[in-house]
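A.B. asks: Below you'll find protein.txt; it's compact mmCIF, C-alpha atoms.
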# COMPACT_ATOMS: atom_id res chain seq x y z
CA MET A 1 57.12 123.68 -82.35
CA LYS A 2 56.20 127.29 -83.02
CA THR A 3 55.33 128.60 -86.49
CA VAL A 4 57.26 131.64 -87.70
CA VAL A 5 55.88 133.76 -90.54
CA ILE A 6 58.42 135.98 -92.27
CA ALA A 7 57.51 139.01 -94.38
CA GLY A 8 60.40 139.87 -96.68
CA GLY A 9 61.58 136.28 -96.54
CA SER A 10 62.85 136.19 -100.12
CA GLY A 11 65.63 138.72 -99.47
CA THR A 12 69.21 138.00 -98.40
CA VAL A 13 68.40 138.10 -94.68
CA GLY A 14 65.07 136.33 -95.02
CA ARG A 15 66.47 133.37 -96.95
CA ARG A 16 69.27 132.73 -94.44
CA LEU A 17 66.95 133.34 -91.48
CA SER A 18 64.54 130.73 -92.85
CA GLU A 19 67.39 128.20 -92.89
CA VAL A 20 68.54 129.07 -89.37
CA LEU A 21 65.08 128.86 -87.85
CA SER A 22 64.18 125.69 -89.75
CA GLU A 23 67.39 124.05 -88.52
CA ALA A 24 66.40 125.10 -84.98
CA GLY A 25 63.11 123.22 -85.34
CA TYR A 26 60.66 126.03 -86.13
CA THR A 27 58.03 125.72 -88.84
CA VAL A 28 58.80 128.62 -91.18
CA SER A 29 56.39 130.19 -93.67
CA ILE A 30 57.26 132.98 -96.09
CA LEU A 31 54.76 135.59 -97.26
CA THR A 32 54.84 135.90 -101.04
CA ARG A 33 53.04 137.96 -103.68
CA SER A 34 53.10 134.93 -106.00
CA LYS A 35 49.85 132.95 -105.95
CA GLU A 36 51.54 130.19 -107.95
CA LYS A 37 54.38 129.80 -105.45
CA ALA A 38 51.94 129.68 -102.53
CA LYS A 39 49.77 127.14 -104.36
CA ASN A 40 52.65 124.77 -105.13
CA ASP A 41 54.71 125.05 -101.95
CA ASP A 42 53.32 124.88 -98.40
CA HIS A 43 56.26 126.95 -97.13
CA PHE A 44 54.75 130.02 -98.80
CA ILE A 45 51.63 132.03 -97.91
CA HIS A 46 50.14 134.40 -100.44
CA TRP A 47 49.54 138.03 -99.57
CA ASP A 48 48.52 141.09 -101.57
CA ILE A 49 49.56 144.32 -99.90
CA GLU A 50 47.65 146.57 -102.30
CA GLN A 51 44.45 144.57 -101.82
CA LYS A 52 45.16 144.22 -98.07
CA LEU A 53 44.77 140.45 -98.16
CA ILE A 54 46.64 137.55 -96.56
CA ASP A 55 45.77 133.89 -97.15
CA ASP A 56 43.97 132.10 -94.32
CA ARG A 57 47.03 129.97 -93.51
CA PHE A 58 48.44 133.11 -91.90
CA VAL A 59 46.43 132.20 -88.78
CA GLN A 60 49.00 129.48 -88.03
CA ALA A 61 51.55 132.12 -87.06
CA ASN A 62 52.91 132.22 -83.52
CA ILE A 63 55.77 134.59 -84.31
CA ILE A 64 55.83 137.30 -86.99
CA ILE A 65 59.11 138.66 -88.33
CA ASN A 66 58.79 141.66 -90.62
CA LEU A 67 61.80 142.28 -92.86
CA ALA A 68 59.75 143.64 -95.76
CA GLY A 69 60.75 146.83 -97.54
CA SER A 70 62.12 147.85 -100.93
CA GLY A 71 65.90 148.34 -101.24
CA ILE A 72 67.37 151.68 -100.25
CA ALA A 73 70.69 151.49 -102.13
CA GLU A 74 69.65 150.64 -105.67
CA GLY A 75 70.38 154.06 -107.19
CA ARG A 76 69.34 157.71 -107.03
CA TRP A 77 66.29 158.39 -104.91
CA THR A 78 63.60 159.73 -107.23
CA LYS A 79 60.30 160.97 -105.83
CA GLU A 80 58.70 157.68 -106.84
CA GLN A 81 61.46 155.58 -105.22
CA LYS A 82 61.24 157.55 -101.98
CA LYS A 83 57.50 156.98 -101.89
CA GLU A 84 58.04 153.24 -102.50
CA ILE A 85 60.78 152.98 -99.84
CA MET A 86 58.45 154.53 -97.26
CA SER A 87 55.17 152.89 -98.26
CA SER A 88 56.67 149.40 -98.68
CA ARG A 89 57.54 149.46 -94.98
CA LEU A 90 54.49 151.19 -93.57
CA ASP A 91 51.87 149.37 -95.64
CA THR A 92 53.24 145.91 -94.87
CA THR A 93 53.46 146.70 -91.16
CA GLU A 94 49.91 148.01 -91.06
CA LEU A 95 48.57 144.97 -92.94
CA LEU A 96 50.29 142.43 -90.69
CA ILE A 97 49.08 144.06 -87.49
CA SER A 98 45.53 144.64 -88.72
CA GLU A 99 45.16 141.06 -89.99
CA VAL A 100 46.26 139.62 -86.64
CA GLY A 101 43.72 141.85 -84.91
CA LYS A 102 40.88 140.99 -87.29
CA ARG A 103 41.46 137.24 -86.88
CA ASN A 104 41.94 137.40 -83.10
CA MET A 105 45.22 135.52 -83.46
CA GLU A 106 47.38 134.79 -80.42
CA ILE A 107 50.88 136.00 -81.29
CA ASP A 108 53.87 135.31 -79.04
CA SER A 109 56.05 138.01 -80.57
CA TYR A 110 56.36 140.56 -83.34
CA ILE A 111 59.89 141.35 -84.50
CA SER A 112 60.50 144.20 -86.92
CA ALA A 113 63.53 145.27 -88.86
CA SER A 114 64.64 148.88 -88.76
CA ALA A 115 68.07 150.29 -89.63
CA ILE A 116 70.89 152.27 -88.08
CA GLY A 117 69.97 154.85 -90.71
CA TYR A 118 67.55 155.92 -87.96
CA TYR A 119 70.38 157.89 -86.38
CA GLY A 120 71.55 159.73 -89.48
CA ASP A 121 75.11 161.04 -89.52
CA GLY A 122 76.40 160.62 -85.97
CA GLY A 123 80.04 161.48 -86.57
CA ASP A 124 82.26 159.87 -83.92
CA LYS A 125 79.57 159.85 -81.20
CA LEU A 126 78.84 156.40 -79.78
CA LEU A 127 75.14 155.86 -80.41
CA THR A 128 72.98 153.73 -78.14
CA GLU A 129 69.32 152.81 -78.40
CA GLU A 130 68.56 155.75 -76.11
CA ASP A 131 69.93 158.28 -78.59
CA GLY A 132 67.56 159.99 -80.96
CA VAL A 133 67.98 161.09 -84.56
CA GLN A 134 71.29 162.90 -85.03
CA THR A 135 70.66 164.42 -88.46
CA ASP A 136 67.16 164.70 -89.91
CA GLU A 137 67.29 163.25 -93.41
CA PHE A 138 65.17 160.94 -95.55
CA LEU A 139 66.44 157.60 -94.24
CA SER A 140 66.03 158.80 -90.65
CA GLN A 141 62.45 159.81 -91.43
CA VAL A 142 61.76 156.39 -92.94
CA CYS A 143 63.11 154.57 -89.87
CA VAL A 144 61.22 156.80 -87.42
CA ALA A 145 57.94 156.20 -89.26
CA TRP A 146 58.71 152.47 -89.62
CA GLU A 147 59.40 152.07 -85.91
CA GLU A 148 56.31 154.05 -84.93
CA ALA A 149 54.21 151.74 -87.13
CA ALA A 150 55.86 148.64 -85.64
CA GLN A 151 55.21 149.82 -82.08
CA LYS A 152 51.49 149.50 -82.78
CA ALA A 153 52.01 145.73 -82.66
CA SER A 154 51.77 146.17 -78.88
CA SER A 155 48.01 145.92 -79.50
CA ILE A 156 48.39 142.28 -80.65
CA THR A 157 51.24 140.93 -78.49
CA ASP A 158 53.17 141.70 -75.33
CA GLN A 159 56.50 141.11 -77.07
CA VAL A 160 57.45 143.71 -79.66
CA CYS A 161 61.09 144.04 -80.63
CA ILE A 162 62.67 146.37 -83.18
CA LEU A 163 66.17 145.72 -84.52
CA ARG A 164 68.19 148.63 -85.88
CA ILE A 165 70.32 146.70 -88.33
CA GLY A 166 73.77 147.77 -89.50
CA THR A 167 75.42 147.04 -92.86
CA VAL A 168 74.84 143.31 -93.39
CA LEU A 169 77.86 141.36 -94.63
CA SER A 170 76.95 138.48 -96.93
CA ARG A 171 78.25 136.86 -100.10
CA THR A 172 74.69 136.38 -101.39
CA GLY A 173 73.59 140.00 -101.66
CA GLY A 174 73.89 143.42 -100.07
CA ALA A 175 76.83 145.79 -99.62
CA LEU A 176 79.72 143.39 -100.30
CA GLU A 177 78.47 142.76 -103.84
CA LYS A 178 79.23 146.39 -104.63
CA MET A 179 82.39 146.71 -102.53
CA ASP A 180 84.41 143.73 -103.70
CA VAL A 181 83.88 143.97 -107.47
CA THR A 182 87.11 145.73 -108.45
CA ILE A 183 89.45 144.20 -105.85
CA PRO A 184 90.34 141.09 -107.88
CA TYR A 185 91.42 143.50 -110.64
CA GLY A 186 93.77 145.44 -108.40
CA VAL A 187 91.77 148.37 -106.98
CA ALA A 188 90.01 148.62 -103.61
CA ASN A 189 88.04 151.86 -103.27
CA TYR A 190 87.18 153.48 -99.96
CA LEU A 191 84.44 156.09 -100.10
CA GLY A 192 85.06 159.80 -99.73
CA ASN A 193 87.84 160.42 -97.23
CA GLY A 194 87.19 156.99 -95.72
CA LYS A 195 87.00 158.36 -92.19
CA GLN A 196 83.27 157.73 -91.76
CA LEU A 197 82.62 154.96 -89.26
CA MET A 198 80.85 151.77 -90.28
CA SER A 199 78.61 149.68 -88.06
CA TRP A 200 78.14 146.30 -89.68
CA ILE A 201 77.06 142.74 -88.86
CA HIS A 202 77.74 139.29 -90.35
CA LEU A 203 74.56 137.82 -91.84
CA ASP A 204 74.71 134.76 -89.59
CA ASP A 205 75.07 136.86 -86.44
CA LEU A 206 72.04 138.90 -87.48
CA CYS A 207 69.99 135.72 -87.94
CA ARG A 208 71.25 134.42 -84.60
CA ILE A 209 70.20 137.70 -82.92
CA ILE A 210 66.68 137.23 -84.28
CA HIS A 211 66.63 133.62 -83.03
CA PHE A 212 68.01 134.78 -79.67
CA ASN A 213 65.27 137.41 -79.57
CA ILE A 214 62.60 134.73 -79.97
CA LYS A 215 64.10 132.45 -77.31
CA GLN A 216 64.67 135.23 -74.77
CA SER A 217 61.37 137.08 -75.44
CA LEU A 218 63.14 140.41 -75.78
CA ASN A 219 61.16 143.63 -75.87
CA GLY A 220 62.06 147.09 -77.08
CA ILE A 221 64.71 148.41 -79.43
CA TYR A 222 68.11 146.77 -79.98
CA ASN A 223 70.96 147.71 -82.26
CA ALA A 224 71.87 144.73 -84.43
CA VAL A 225 75.52 145.55 -85.09
CA ALA A 226 78.84 143.86 -84.35
CA PRO A 227 80.91 145.14 -81.39
CA GLU A 228 83.77 146.39 -83.58
CA VAL A 229 83.21 149.66 -85.43
CA VAL A 230 85.75 150.58 -88.11
CA SER A 231 86.33 153.40 -90.56
CA ASN A 232 85.33 152.84 -94.16
CA LYS A 233 89.00 153.02 -95.13
CA ALA A 234 89.98 150.39 -92.56
CA PHE A 235 87.12 148.16 -93.70
CA THR A 236 88.26 148.50 -97.31
CA ARG A 237 91.80 147.51 -96.34
CA SER A 238 90.51 144.44 -94.49
CA LEU A 239 88.40 143.48 -97.49
CA ARG A 240 91.42 143.95 -99.76
CA ASP A 241 93.53 141.75 -97.50
CA VAL A 242 91.18 138.76 -97.78
CA ILE A 243 90.63 139.03 -101.55
CA ASN A 244 93.78 140.41 -103.19
CA THR A 245 96.62 141.73 -101.05
CA LYS A 246 98.22 143.31 -104.12
CA ALA A 247 95.24 145.59 -104.80
CA MET A 248 95.80 149.33 -104.35
CA VAL A 249 93.60 151.08 -101.78
CA LEU A 250 92.37 154.28 -103.43
CA PRO A 251 89.61 156.82 -102.71
CA ALA A 252 86.36 157.14 -104.61
CA PRO A 253 85.90 160.93 -104.24
CA ALA A 254 82.82 162.06 -102.32
CA PHE A 255 81.86 164.58 -105.01
CA GLY A 256 81.71 161.78 -107.59
CA ILE A 257 79.57 159.61 -105.32
CA LYS A 258 77.20 162.51 -104.68
CA LEU A 259 77.06 163.32 -108.38
CA MET A 260 76.21 159.73 -109.25
CA PHE A 261 73.80 158.92 -106.42
CA GLY A 262 72.51 162.28 -105.21
CA GLU A 263 70.81 162.17 -101.81
CA MET A 264 71.28 158.39 -101.59
CA ALA A 265 75.05 158.96 -101.25
CA ARG A 266 74.44 159.66 -97.55
CA VAL A 267 73.88 155.95 -97.01
CA VAL A 268 77.60 155.31 -97.59
CA LEU A 269 79.09 158.68 -96.58
CA ASN A 270 77.36 159.09 -93.21
CA SER A 271 79.30 158.05 -90.10
CA SER A 272 77.67 155.48 -87.80
CA ASN A 273 79.36 154.59 -84.52
CA VAL A 274 76.62 152.35 -83.14
CA SER A 275 76.85 150.42 -79.87
CA ALA A 276 76.21 146.67 -79.56
CA GLU A 277 76.34 146.79 -75.75
CA LYS A 278 72.60 146.34 -75.13
CA ILE A 279 72.28 143.07 -77.05
CA LYS A 280 75.55 141.82 -75.50
CA SER A 281 74.25 142.66 -72.02
CA ALA A 282 71.14 140.60 -72.78
CA GLY A 283 73.46 137.60 -73.16
CA PHE A 284 74.05 137.39 -76.89
CA LYS A 285 77.51 136.25 -77.99
CA PHE A 286 78.76 137.17 -81.45
CA SER A 287 80.36 134.52 -83.64
CA TYR A 288 82.01 137.26 -85.71
CA PRO A 289 82.77 140.25 -83.45
CA THR A 290 85.54 141.72 -85.64
CA VAL A 291 85.70 142.71 -89.29
CA ASP A 292 88.65 140.40 -89.96
CA GLN A 293 86.82 137.41 -88.48
CA ALA A 294 83.66 138.16 -90.46
CA LEU A 295 85.41 138.72 -93.79
CA ARG A 296 87.72 135.73 -93.46
CA ALA A 297 84.73 133.52 -92.72
CA LEU A 298 82.77 134.90 -95.68
CA TYR A 299 85.69 134.55 -98.10
CA LYS A 300 86.98 131.32 -96.49
CA THR A 301 90.43 132.77 -95.86
CA GLU A 302 92.79 131.34 -93.28
CA VAL A 303 93.83 133.57 -90.37
Would you kindly transcribe this structure into structure tokens?
C.D. replies:
Amino acid sequence: MKTVVIAGGSGTVGRRLSEVLSEAGYTVSILTRSKEKAKNDDHFIHWDIEQKLIDDRFVQANIIINLAGSGIAEGRWTKEQKKEIMSSRLDTTELLISEVGKRNMEIDSYISASAIGYYGDGGDKLLTEEDGVQTDEFLSQVCVAWEEAAQKASSITDQVCILRIGTVLSRTGGALEKMDVTIPYGVANYLGNGKQLMSWIHLDDLCRIIHFNIKQSLNGIYNAVAPEVVSNKAFTRSLRDVINTKAMVLPAPAFGIKLMFGEMARVVLNSSNVSAEKIKSAGFKFSYPTVDQALRALYKTEV
């Protein structure tokens, strides 16, 4: 069976993806900065991005999945954080591709994460993979540079796929951790006027898309989002309904969000109406195509 090496495998997506691919019979290795972890557990391979080094066991890779990159929604974007957000994506991509080239490795496929932040604020416009950047802002610039770096993997393999990932729904990290905190206490907050559209995906569907990508040898750019797009207010109501139906749905004013988070507020206030048609046309079938299905599965609520 093929060996998959995952960069960024310790994050929410990486951990679940490791389980999914292992269950499917792949040998999965995770790149880690910890020498101790790599020494004591064969599932981990040590790498040092600053020193541009990857342990020799990296040569076992048949498939490389790059999810690496520092979090974008941890607080206000300082100059230092912006530099880290950008460099953590570009430096890891460059190292992976250069190491494969140096070692003359035969790679079946290179799969890279990107984000629907590529598009910027698209308003109500339905965005496909053929659409370019709608509003030029920091996150768009990061995604453009990230994708350009990933495309260079065409020098090491014929299969290069980039996934523009929507808001990932999971109970083990990510957006829901911040969105569901106050609902048990009676308040469900939508953001700003709540009209901005949200393109999201259940964690398991995202992992299944990556597995599908490997099996089908997909090339090019695909949006990794669920078919149903909803407003932030509608999403908040659905989340309220599965946690505490008595909670009041109230706005968190945009000016307060901007005051608290500065430029980073665009991550939650931008509108993203992103199409899933291309991945569906390739034959992928979603397990959780609607918000209600995804949330009820995550919170184990009966329909």
A.B. asks: Let me make sure I understand: among A:Gln159, A:Thr236, A:Ser231, A:Gln60, which one has the smallest atom-to-atom distance to A:Arg103 if we use all atoms listed in the file?
C.D. replies: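 Nearest candidate to A:Arg103 out of A:Gln159, A:Thr236, A:Ser231, A:Gln60: A:Gln60.
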A.B. asks: Using only C-alpha atoms, can you tell me which of A:Leu139, A:Ala282, A:Leu31, A:Ala150 comes closest to A:Trp77?
C.D. replies: A:Leu139
A.B. asks: Which value, in Å to one decimal, gives the distance between atom CA of A:Ser87 and atom CA of A:Tyr110?
C.D. replies: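 Atom-to-atom, atom CA of A:Ser87 and atom CA of A:Tyr110 are spaced 19.4 Å apart.
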A.B. asks: Report as a list in words all protein, DNA and RNA residues lying within 8 Å of A:Arg240, evaluated on only C-alpha atoms, omitting residues in the same chain fewer than 5 positions from it.
C.D. replies: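 Residues meeting the cut-off are Ile183, Ala188, Thr245, Ala247 and Val249 of chain A.
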A.B. asks: Name the closest residue to A:Thr172 among the candidates A:Leu203, A:Ile116, A:Ala226, A:Ile107; distances are taken between atoms, counting only C-alpha atoms.
C.D. replies: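 Closest residue, counting only C-alpha atoms: A:Leu203.
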A.B. asks: Take the structure in the block and write a file for stretch 90-208 of chain A, C-alpha atoms, as a tab-separated table (two decimals), in the first residue's frame.
C.D. replies:
chain	number	residue	atom	x	y	z
A	90	LEU	CA	5.66	29.24	1.58
A	91	ASP	CA	8.70	27.87	3.42
A	92	THR	CA	7.14	24.46	4.06
A	93	THR	CA	6.00	24.18	0.44
A	94	GLU	CA	9.42	25.10	-0.88
A	95	LEU	CA	11.17	22.62	1.44
A	96	LEU	CA	8.91	19.70	0.52
A	97	ILE	CA	9.29	20.24	-3.21
A	98	SER	CA	13.04	20.85	-3.09
A	99	GLU	CA	13.68	17.76	-0.94
A	100	VAL	CA	11.76	15.53	-3.34
A	101	GLY	CA	13.80	16.95	-6.22
A	102	LYS	CA	17.14	16.56	-4.43
A	103	ARG	CA	16.44	12.92	-3.55
A	104	ASN	CA	15.02	12.03	-6.98
A	105	MET	CA	11.92	10.62	-5.32
A	106	GLU	CA	9.06	9.24	-7.40
A	107	ILE	CA	5.91	10.93	-6.12
A	108	ASP	CA	2.44	9.88	-7.29
A	109	SER	CA	0.74	13.08	-6.16
A	110	TYR	CA	1.17	16.33	-4.27
A	111	ILE	CA	-1.96	17.72	-2.60
A	112	SER	CA	-1.91	21.18	-1.06
A	113	ALA	CA	-4.34	23.01	1.14
A	114	SER	CA	-5.40	26.52	0.24
A	115	ALA	CA	-8.49	28.40	1.43
A	116	ILE	CA	-11.59	30.09	0.08
A	117	GLY	CA	-10.00	33.22	1.53
A	118	TYR	CA	-8.34	33.26	-1.90
A	119	TYR	CA	-11.46	34.93	-3.28
A	120	GLY	CA	-11.79	37.67	-0.68
A	121	ASP	CA	-15.22	39.23	-0.19
A	122	GLY	CA	-17.36	37.93	-3.03
A	123	GLY	CA	-20.73	39.23	-1.87
A	124	ASP	CA	-23.55	37.12	-3.32
A	125	LYS	CA	-21.64	36.11	-6.47
A	126	LEU	CA	-21.32	32.34	-6.93
A	127	LEU	CA	-17.59	31.69	-7.07
A	128	THR	CA	-16.10	28.83	-9.05
A	129	GLU	CA	-12.50	27.72	-9.40
A	130	GLU	CA	-12.31	29.81	-12.57
A	131	ASP	CA	-12.98	33.05	-10.70
A	132	GLY	CA	-10.07	35.15	-9.58
A	133	VAL	CA	-9.56	37.26	-6.49
A	134	GLN	CA	-12.63	39.40	-5.80
A	135	THR	CA	-11.14	41.78	-3.22
A	136	ASP	CA	-7.38	42.17	-2.80
A	137	GLU	CA	-6.64	41.79	0.90
A	138	PHE	CA	-4.08	40.02	3.06
A	139	LEU	CA	-5.67	36.56	3.14
A	140	SER	CA	-6.16	36.65	-0.64
A	141	GLN	CA	-2.50	37.53	-1.06
A	142	VAL	CA	-1.48	34.64	1.19
A	143	CYS	CA	-3.58	32.14	-0.79
A	144	VAL	CA	-2.35	33.42	-4.17
A	145	ALA	CA	1.29	33.09	-3.07
A	146	TRP	CA	0.59	29.69	-1.45
A	147	GLU	CA	-1.02	28.32	-4.59
A	148	GLU	CA	1.75	29.66	-6.83
A	149	ALA	CA	4.31	27.91	-4.61
A	150	ALA	CA	2.31	24.66	-4.66
A	151	GLN	CA	2.05	24.71	-8.46
A	152	LYS	CA	5.83	24.30	-8.60
A	153	ALA	CA	5.25	20.71	-7.47
A	154	SER	CA	4.54	20.03	-11.15
A	155	SER	CA	8.33	19.66	-11.40
A	156	ILE	CA	8.22	16.54	-9.18
A	157	THR	CA	4.90	14.87	-10.09
A	158	ASP	CA	2.24	14.88	-12.78
A	159	GLN	CA	-0.55	15.08	-10.20
A	160	VAL	CA	-0.78	18.39	-8.35
A	161	CYS	CA	-4.06	19.28	-6.69
A	162	ILE	CA	-4.92	22.37	-4.65
A	163	LEU	CA	-7.98	22.42	-2.38
A	164	ARG	CA	-9.56	25.76	-1.51
A	165	ILE	CA	-11.02	24.80	1.84
A	166	GLY	CA	-14.06	26.44	3.42
A	167	THR	CA	-14.82	26.84	7.14
A	168	VAL	CA	-14.16	23.38	8.59
A	169	LEU	CA	-16.79	22.13	11.04
A	170	SER	CA	-15.36	19.95	13.80
A	171	ARG	CA	-15.83	19.41	17.52
A	172	THR	CA	-12.07	19.03	18.02
A	173	GLY	CA	-10.90	22.47	16.93
A	174	GLY	CA	-11.56	25.31	14.51
A	175	ALA	CA	-14.49	27.69	14.09
A	176	LEU	CA	-17.14	25.83	16.13
A	177	GLU	CA	-15.05	26.14	19.28
A	178	LYS	CA	-15.55	29.89	19.11
A	179	MET	CA	-19.12	29.87	17.83
A	180	ASP	CA	-20.82	27.52	20.28
A	181	VAL	CA	-19.35	28.78	23.57
A	182	THR	CA	-22.22	31.01	24.72
A	183	ILE	CA	-25.15	29.01	23.32
A	184	PRO	CA	-25.54	26.69	26.34
A	185	TYR	CA	-25.86	29.87	28.44
A	186	GLY	CA	-28.68	31.28	26.34
A	187	VAL	CA	-27.07	33.51	23.68
A	188	ALA	CA	-26.21	32.64	20.07
A	189	ASN	CA	-24.36	35.47	18.33
A	190	TYR	CA	-24.34	36.00	14.59
A	191	LEU	CA	-21.63	38.31	13.28
A	192	GLY	CA	-22.28	41.79	11.99
A	193	ASN	CA	-25.60	41.91	10.15
A	194	GLY	CA	-25.38	38.14	9.62
A	195	LYS	CA	-26.07	38.44	5.90
A	196	GLN	CA	-22.58	37.40	4.81
A	197	LEU	CA	-22.61	33.99	3.16
A	198	MET	CA	-20.67	31.08	4.64
A	199	SER	CA	-19.09	28.26	2.67
A	200	TRP	CA	-18.26	25.46	5.06
A	201	ILE	CA	-17.46	21.73	5.11
A	202	HIS	CA	-17.78	18.92	7.66
A	203	LEU	CA	-14.34	17.67	8.72
A	204	ASP	CA	-15.08	14.12	7.58
A	205	ASP	CA	-16.20	15.26	4.14
A	206	LEU	CA	-12.98	17.25	3.77
A	207	CYS	CA	-10.91	14.17	4.65
A	208	ARG	CA	-13.00	12.09	2.25
